[in-house]
Structure formats: structure tokens, C-alpha cells
$ cat upload-v4.cif   # mmCIF, C-alpha atoms
data_entry
loop_
_atom_site.label_atom_id
_atom_site.label_comp_id
_atom_site.auth_asym_id
_atom_site.auth_seq_id
_atom_site.Cartn_x
_atom_site.Cartn_y
_atom_site.Cartn_z
CA MET A 1 28.76 175.06 8.35
CA LYS A 2 25.37 174.50 9.83
CA ALA A 3 22.16 172.82 8.71
CA THR A 4 18.80 171.94 10.16
CA VAL A 5 16.67 168.90 9.42
CA LYS A 6 13.06 168.95 10.61
CA TRP A 7 10.68 166.01 10.63
CA THR A 8 7.45 166.99 8.89
CA ASP A 9 5.34 163.84 8.54
CA GLY A 10 5.70 160.06 8.27
CA ALA A 11 9.21 159.55 6.84
CA MET A 12 9.48 163.07 5.40
CA PHE A 13 12.06 165.62 6.51
CA LEU A 14 12.82 169.16 5.44
CA GLY A 15 16.52 169.97 5.36
CA GLU A 16 17.70 173.56 5.34
CA SER A 17 21.28 174.54 4.69
CA GLY A 18 23.07 177.29 6.52
CA SER A 19 22.93 179.30 3.29
CA GLY A 20 19.13 179.17 3.38
CA HIS A 21 18.34 176.51 0.76
CA ALA A 22 15.81 173.79 1.46
CA VAL A 23 15.33 170.22 0.26
CA VAL A 24 12.63 167.67 0.98
CA MET A 25 13.76 164.14 1.83
CA ASP A 26 11.24 161.33 2.05
CA GLY A 27 11.05 157.58 2.45
CA SER A 28 9.29 154.99 0.37
CA GLU A 29 5.63 154.26 0.97
CA GLU A 30 6.61 150.86 2.42
CA LEU A 31 8.56 152.71 5.13
CA GLY A 32 5.85 155.24 5.97
CA GLY A 33 6.81 157.93 3.49
CA ARG A 34 5.04 159.36 0.48
CA ASN A 35 8.00 159.14 -1.93
CA LEU A 36 8.05 162.93 -2.42
CA GLY A 37 11.82 163.40 -2.30
CA PRO A 38 15.15 161.62 -2.37
CA ARG A 39 16.19 159.39 0.49
CA PRO A 40 18.81 160.77 2.89
CA MET A 41 21.44 158.29 1.65
CA GLU A 42 20.68 159.35 -1.93
CA MET A 43 21.34 162.93 -0.83
CA LEU A 44 24.75 161.83 0.40
CA LEU A 45 25.53 160.43 -3.07
CA ILE A 46 24.17 163.53 -4.81
CA GLY A 47 26.27 165.78 -2.56
CA THR A 48 29.39 163.73 -3.22
CA GLY A 49 28.76 163.91 -6.96
CA GLY A 50 28.21 167.65 -6.78
CA CYS A 51 31.38 168.19 -4.78
CA SER A 52 33.52 166.19 -7.19
CA THR A 53 31.93 167.58 -10.37
CA TYR A 54 32.51 171.11 -9.07
CA ASP A 55 36.22 170.29 -8.72
CA VAL A 56 36.49 168.68 -12.16
CA MET A 57 34.73 171.56 -13.91
CA SER A 58 36.76 174.16 -12.06
CA MET A 59 40.02 172.55 -13.16
CA LEU A 60 38.86 172.05 -16.75
CA LYS A 61 37.81 175.70 -17.00
CA LYS A 62 41.18 176.82 -15.61
CA SER A 63 42.95 174.68 -18.21
CA ARG A 64 40.81 176.34 -20.91
CA GLN A 65 39.09 173.15 -22.03
CA LYS A 66 35.99 173.70 -24.18
CA VAL A 67 33.53 171.73 -22.04
CA VAL A 68 29.95 171.69 -23.30
CA ASP A 69 28.54 169.24 -20.75
CA CYS A 70 29.73 167.30 -17.73
CA ARG A 71 27.87 164.81 -15.61
CA VAL A 72 28.85 162.21 -13.06
CA GLU A 73 27.04 158.89 -12.96
CA ILE A 74 27.28 157.43 -9.48
CA GLU A 75 26.87 153.78 -8.58
CA ALA A 76 26.99 152.65 -4.98
CA GLU A 77 26.72 149.45 -2.99
CA ARG A 78 25.57 149.23 0.60
CA ALA A 79 26.14 146.67 3.32
CA ASP A 80 23.37 144.10 3.78
CA ALA A 81 23.40 144.56 7.55
CA VAL A 82 22.44 147.45 9.80
CA PRO A 83 23.91 150.00 9.57
CA ALA A 84 23.57 149.77 5.78
CA VAL A 85 26.64 151.90 5.12
CA PHE A 86 28.07 152.44 1.66
CA THR A 87 30.77 149.88 0.90
CA LYS A 88 31.62 150.90 -2.69
CA ILE A 89 31.01 154.04 -4.70
CA ASN A 90 32.09 154.70 -8.29
CA LEU A 91 31.96 158.17 -9.77
CA HIS A 92 32.00 157.97 -13.58
CA PHE A 93 32.46 161.33 -15.28
CA VAL A 94 31.13 161.90 -18.78
CA VAL A 95 32.73 165.04 -20.15
CA SER A 96 31.53 166.41 -23.50
CA GLY A 97 33.30 169.12 -25.40
CA VAL A 98 35.33 170.32 -28.34
CA ALA A 99 38.93 169.12 -28.74
CA LEU A 100 39.18 168.07 -25.10
CA LYS A 101 42.62 166.91 -24.01
CA GLU A 102 42.36 163.52 -22.35
CA ASN A 103 45.32 164.20 -20.07
CA GLN A 104 43.53 167.30 -18.72
CA VAL A 105 40.29 165.40 -18.06
CA LYS A 106 42.16 162.49 -16.45
CA ARG A 107 44.17 164.86 -14.25
CA ALA A 108 41.08 166.80 -13.15
CA VAL A 109 39.33 163.58 -12.10
CA GLU A 110 42.46 162.34 -10.29
CA LEU A 111 42.98 165.62 -8.43
CA SER A 112 39.36 165.71 -7.34
CA ALA A 113 39.63 162.13 -6.06
CA GLU A 114 43.00 162.51 -4.35
CA LYS A 115 43.18 166.12 -3.18
CA TYR A 116 40.11 168.32 -3.52
CA CYS A 117 36.75 166.57 -3.08
CA SER A 118 36.16 166.69 0.66
CA ALA A 119 33.09 164.45 0.41
CA SER A 120 34.63 161.55 -1.53
CA ILE A 121 37.91 161.75 0.40
CA MET A 122 35.99 161.66 3.69
CA LEU A 123 33.97 158.63 2.57
CA GLY A 124 37.15 156.87 1.46
CA ALA A 125 38.79 157.58 4.82
CA ALA A 126 35.73 156.02 6.49
CA GLY A 127 36.30 152.76 4.63
CA VAL A 128 34.19 153.15 1.49
CA LYS A 129 35.97 151.77 -1.58
CA MET A 130 35.94 154.88 -3.78
CA THR A 131 36.68 154.59 -7.49
CA HIS A 132 36.65 157.18 -10.23
CA SER A 133 36.43 156.77 -13.99
CA TYR A 134 35.77 159.00 -16.97
CA GLU A 135 34.91 159.11 -20.63
CA ILE A 136 35.12 161.87 -23.15
CA GLU A 137 32.42 162.61 -25.70
CA GLU A 138 33.88 164.63 -28.56
CA MET A 139 31.59 167.23 -30.09
CA GLU A 140 31.82 169.19 -33.31
CA ALA A 141 33.10 172.76 -33.12
#
$ encode --input "upload-v4.cif" --output "C-alpha cells"
Amino acid sequence: MKATVKWTDGAMFLGESGSGHAVVMDGSEELGGRNLGPRPMEMLLIGTGGCSTYDVMSMLKKSRQKVVDCRVEIEAERADAVPAVFTKINLHFVVSGVALKENQVKRAVELSAEKYCSASIMLGAAGVKMTHSYEIEEMEA
């Protein structure tokens, strides 16, 4: 994989992925930015959530679960000192669907956390206390 990040102005950067997609990252006005995009550390959380949600949805589709919606709500804590690394991250999955089997949802979240999500596993290996939780919202057929 490759990516490029280019400084554009103040605390704003343009990131471009190797697959040709771009994203603007920016700092707060207090730090010289214009608040026109997510912070780089927020991008790390968003990427981790995307990686894990991809895994969970892939497994739920393979197990023929009738998922209508799935989101992951991420909460993180950072160290008070420099570098302000993440110390704790919780990924809370909210899976909505029809007649979802709890054991399938639980297993998908566990497998993502323990085996498949490269991002969350990498952060855990680096010392971040990673936790995962889930809830199921039952919908009418």
C-alpha cells in the first residue's frame, strides 16, 4: 500500500490513497487550521471503525443474517502527555435487522477483534486497550 499526504495551508493536509481517493484533514482554528476536515487522529479512529465494520458485515452476510443497518460507535481516550497516543478504544457495534441471531453477531464481533481487523489488532499490539461490544436492534420483517 502507498499513500501521500501533502500540506496545503496552515494545519490542513490533503491525503491521497494509493487507490486514488482523497481526503482533507485539518486542525482546529486554535492550532492554525480552519476546521475543514477531520483531525489525523480522528482519521485513525474512522479507519479502524471501517476496518472492523467491514469484517463484521462480511461475516454476517456470509451467515445469511438479515442486516438492515450496522454502525460502530467508537470512543477513545488519549494520553495527557506528548505523544498523546490512544490509551483506550472501545468499538460498540449497533446491528439492526430482522431475526438476527445473537450468537452470530457476537461471533462476528469477536472474530473481527481477535483475527481479522488489522487496524484494531495492530493498535492492541501497540499497547492500546482495545474493547469491543455490541447491541442488536430488532426490526419488523
$ closest_residue --input "upload-v4.cif" --among "A:Gly127, A:Met57, A:Glu73, A:Ala3" --to "Lys106 (chain A)" --atoms "all atoms listed in the file"
A:Met57
$ resolve_selection --input "upload-v4.cif" --expression "the PyMOL selection byres ((chain A and resi 47-56) around 6)" --output "list of chain:residue names"
A:Met43, A:Leu44, A:Leu45, A:Ile46, A:Met57, A:Ser58, A:Met59, A:Ala108, A:Val109, A:Ser112, A:Cys117, A:Ala119, A:Ser120
$ resolve_selection --input "upload-v4.cif" --expression "the PyMOL selection byres ((chain A and resi 16) around 6)" --output "PyMOL selection string"
chain A and resi 3-4+15+17+21-22
$ atom_distance --input "upload-v4.cif" --atom1 "CA of Ile121 (chain A)" --atom2 "CA of Ile136 (chain A)"
23.7 Å
$ resolve_selection --input "upload-v4.cif" --expression "the PyMOL selection byres ((chain A and resi 135) around 9)" --output "list in words"
His92, Phe93, Val94, Val95, Ser96, Glu102, Val105, Ser133, Tyr134, Ile136 and Glu137 of chain A
$ closest_residue --input "upload-v4.cif" --among "A:Ala11, A:Tyr116, A:Arg107, A:Thr131" --to "Leu60 (chain A)" --atoms "only C-alpha atoms"
A:Arg107
$ closest_residue --input "upload-v4.cif" --among "A:Arg39, A:Val85, A:Met1, A:Glu29" --to "Phe13 (chain A)" --atoms "all atoms listed in the file"
A:Arg39
$ residues_around --input "upload-v4.cif" --residues "Met25 (chain A)" --least-positions-apart "4" --cutoff "10 Å" --atoms "all atoms listed in the file" --output "list in words"
Val5, Trp7, Thr8, Ala11, Met12, Phe13, Leu14, Gly15, Gly33, Asn35, Leu36, Gly37, Pro38, Arg39, Pro40, Met41, Glu42 and Met43 of chain A
$ closest_residue --input "upload-v4.cif" --among "A:Glu30, A:Val128, A:Asn103, A:Ser118" --to "Ala76 (chain A)" --atoms "all atoms listed in the file"
A:Val128
$ atom_distance --input "upload-v4.cif" --atom1 "CA of Glu75 (chain A)" --atom2 "CA of Val98 (chain A)"
27.1 Å
$ closest_residue --input "upload-v4.cif" --among "A:Ala126, A:Lys2, A:Val68, A:Lys101" --to "Glu140 (chain A)" --atoms "all atoms listed in the file"
A:Val68
$ atom_distance --input "upload-v4.cif" --atom1 "CA of Gly10 (chain A)" --atom2 "CA of Gly27 (chain A)"
8.3 Å
$ closest_residue --input "upload-v4.cif" --among "A:Gln104, A:Leu111, A:Gly32, A:Thr87" --to "Lys61 (chain A)" --atoms "only C-alpha atoms"
A:Gln104
$ build_atoms --input "upload-v4.cif" --residues "region 58-84 of chain A" --atoms "N, CA, C and O atoms" --output "mmCIF file, in the frame of the given file"
data_model
loop_
_atom_site.group_PDB
_atom_site.id
_atom_site.type_symbol
_atom_site.label_atom_id
_atom_site.label_comp_id
_atom_site.auth_asym_id
_atom_site.auth_seq_id
_atom_site.Cartn_x
_atom_site.Cartn_y
_atom_site.Cartn_z
ATOM 1 N N SER A 58 35.894 173.037 -12.396
ATOM 2 C CA SER A 58 36.760 174.160 -12.060
ATOM 3 C C SER A 58 38.138 174.000 -12.697
ATOM 4 O O SER A 58 38.679 174.928 -13.302
ATOM 5 N N MET A 59 38.689 172.798 -12.592
ATOM 6 C CA MET A 59 40.020 172.550 -13.160
ATOM 7 C C MET A 59 39.997 172.578 -14.693
ATOM 8 O O MET A 59 40.931 173.088 -15.323
ATOM 9 N N LEU A 60 38.939 172.037 -15.285
ATOM 10 C CA LEU A 60 38.860 172.050 -16.750
ATOM 11 C C LEU A 60 38.693 173.463 -17.286
ATOM 12 O O LEU A 60 39.263 173.808 -18.328
ATOM 13 N N LYS A 61 37.942 174.290 -16.586
ATOM 14 C CA LYS A 61 37.810 175.700 -17.000
ATOM 15 C C LYS A 61 39.151 176.417 -16.894
ATOM 16 O O LYS A 61 39.532 177.167 -17.790
ATOM 17 N N LYS A 62 39.878 176.180 -15.789
ATOM 18 C CA LYS A 62 41.180 176.820 -15.610
ATOM 19 C C LYS A 62 42.175 176.393 -16.673
ATOM 20 O O LYS A 62 43.059 177.168 -17.049
ATOM 21 N N SER A 63 42.040 175.151 -17.160
ATOM 22 C CA SER A 63 42.950 174.680 -18.210
ATOM 23 C C SER A 63 42.408 174.986 -19.605
ATOM 24 O O SER A 63 42.901 174.459 -20.596
ATOM 25 N N ARG A 64 41.395 175.823 -19.659
ATOM 26 C CA ARG A 64 40.810 176.340 -20.910
ATOM 27 C C ARG A 64 40.275 175.241 -21.840
ATOM 28 O O ARG A 64 40.373 175.344 -23.053
ATOM 29 N N GLN A 65 39.717 174.200 -21.231
ATOM 30 C CA GLN A 65 39.090 173.150 -22.030
ATOM 31 C C GLN A 65 37.689 173.618 -22.439
ATOM 32 O O GLN A 65 36.997 174.270 -21.661
ATOM 33 N N LYS A 66 37.297 173.279 -23.656
ATOM 34 C CA LYS A 66 35.990 173.700 -24.180
ATOM 35 C C LYS A 66 34.939 172.654 -23.815
ATOM 36 O O LYS A 66 34.531 171.842 -24.641
ATOM 37 N N VAL A 67 34.518 172.687 -22.547
ATOM 38 C CA VAL A 67 33.530 171.730 -22.040
ATOM 39 C C VAL A 67 32.135 172.245 -22.378
ATOM 40 O O VAL A 67 31.803 173.386 -22.105
ATOM 41 N N VAL A 68 31.336 171.364 -22.973
ATOM 42 C CA VAL A 68 29.950 171.690 -23.300
ATOM 43 C C VAL A 68 29.009 171.083 -22.261
ATOM 44 O O VAL A 68 27.987 171.661 -21.921
ATOM 45 N N ASP A 69 29.378 169.917 -21.738
ATOM 46 C CA ASP A 69 28.540 169.240 -20.750
ATOM 47 C C ASP A 69 29.421 168.353 -19.878
ATOM 48 O O ASP A 69 30.434 167.826 -20.340
ATOM 49 N N CYS A 70 29.020 168.200 -18.637
ATOM 50 C CA CYS A 70 29.730 167.300 -17.730
ATOM 51 C C CYS A 70 28.710 166.742 -16.748
ATOM 52 O O CYS A 70 27.912 167.492 -16.185
ATOM 53 N N ARG A 71 28.732 165.431 -16.612
ATOM 54 C CA ARG A 71 27.870 164.810 -15.610
ATOM 55 C C ARG A 71 28.660 163.691 -14.931
ATOM 56 O O ARG A 71 29.628 163.187 -15.487
ATOM 57 N N VAL A 72 28.239 163.343 -13.746
ATOM 58 C CA VAL A 72 28.850 162.210 -13.060
ATOM 59 C C VAL A 72 27.743 161.211 -12.766
ATOM 60 O O VAL A 72 26.689 161.559 -12.231
ATOM 61 N N GLU A 73 27.977 159.982 -13.204
ATOM 62 C CA GLU A 73 27.040 158.890 -12.960
ATOM 63 C C GLU A 73 27.592 158.098 -11.782
ATOM 64 O O GLU A 73 28.714 157.606 -11.829
ATOM 65 N N ILE A 74 26.803 158.012 -10.726
ATOM 66 C CA ILE A 74 27.280 157.430 -9.480
ATOM 67 C C ILE A 74 26.594 156.097 -9.241
ATOM 68 O O ILE A 74 25.365 156.007 -9.305
ATOM 69 N N GLU A 75 27.402 155.083 -8.961
ATOM 70 C CA GLU A 75 26.870 153.780 -8.580
ATOM 71 C C GLU A 75 27.437 153.432 -7.222
ATOM 72 O O GLU A 75 28.629 153.612 -6.981
ATOM 73 N N ALA A 76 26.566 152.951 -6.343
ATOM 74 C CA ALA A 76 26.990 152.650 -4.980
ATOM 75 C C ALA A 76 26.434 151.311 -4.532
ATOM 76 O O ALA A 76 25.367 150.892 -4.979
ATOM 77 N N GLU A 77 27.177 150.670 -3.649
ATOM 78 C CA GLU A 77 26.720 149.450 -2.990
ATOM 79 C C GLU A 77 26.692 149.711 -1.503
ATOM 80 O O GLU A 77 27.539 150.438 -0.977
ATOM 81 N N ARG A 78 25.714 149.072 -0.842
ATOM 82 C CA ARG A 78 25.570 149.230 0.600
ATOM 83 C C ARG A 78 25.675 147.873 1.278
ATOM 84 O O ARG A 78 25.370 146.842 0.682
ATOM 85 N N ALA A 79 26.069 147.897 2.518
ATOM 86 C CA ALA A 79 26.140 146.670 3.320
ATOM 87 C C ALA A 79 24.739 146.094 3.490
ATOM 88 O O ALA A 79 23.747 146.830 3.526
ATOM 89 N N ASP A 80 24.659 144.779 3.595
ATOM 90 C CA ASP A 80 23.370 144.100 3.780
ATOM 91 C C ASP A 80 22.879 144.179 5.218
ATOM 92 O O ASP A 80 21.721 143.919 5.490
ATOM 93 N N ALA A 81 23.763 144.514 6.132
ATOM 94 C CA ALA A 81 23.400 144.560 7.550
ATOM 95 C C ALA A 81 23.216 145.997 8.011
ATOM 96 O O ALA A 81 23.606 146.941 7.335
ATOM 97 N N VAL A 82 22.612 146.139 9.188
ATOM 98 C CA VAL A 82 22.440 147.450 9.800
ATOM 99 C C VAL A 82 23.697 147.764 10.591
ATOM 100 O O VAL A 82 24.172 146.901 11.342
ATOM 101 N N PRO A 83 24.316 148.906 10.451
ATOM 102 C CA PRO A 83 23.910 150.000 9.570
ATOM 103 C C PRO A 83 24.273 149.697 8.116
ATOM 104 O O PRO A 83 25.338 149.155 7.835
ATOM 105 N N ALA A 84 23.379 150.053 7.206
ATOM 106 C CA ALA A 84 23.570 149.770 5.780
ATOM 107 C C ALA A 84 24.443 150.867 5.155
ATOM 108 O O ALA A 84 24.001 151.658 4.326
#
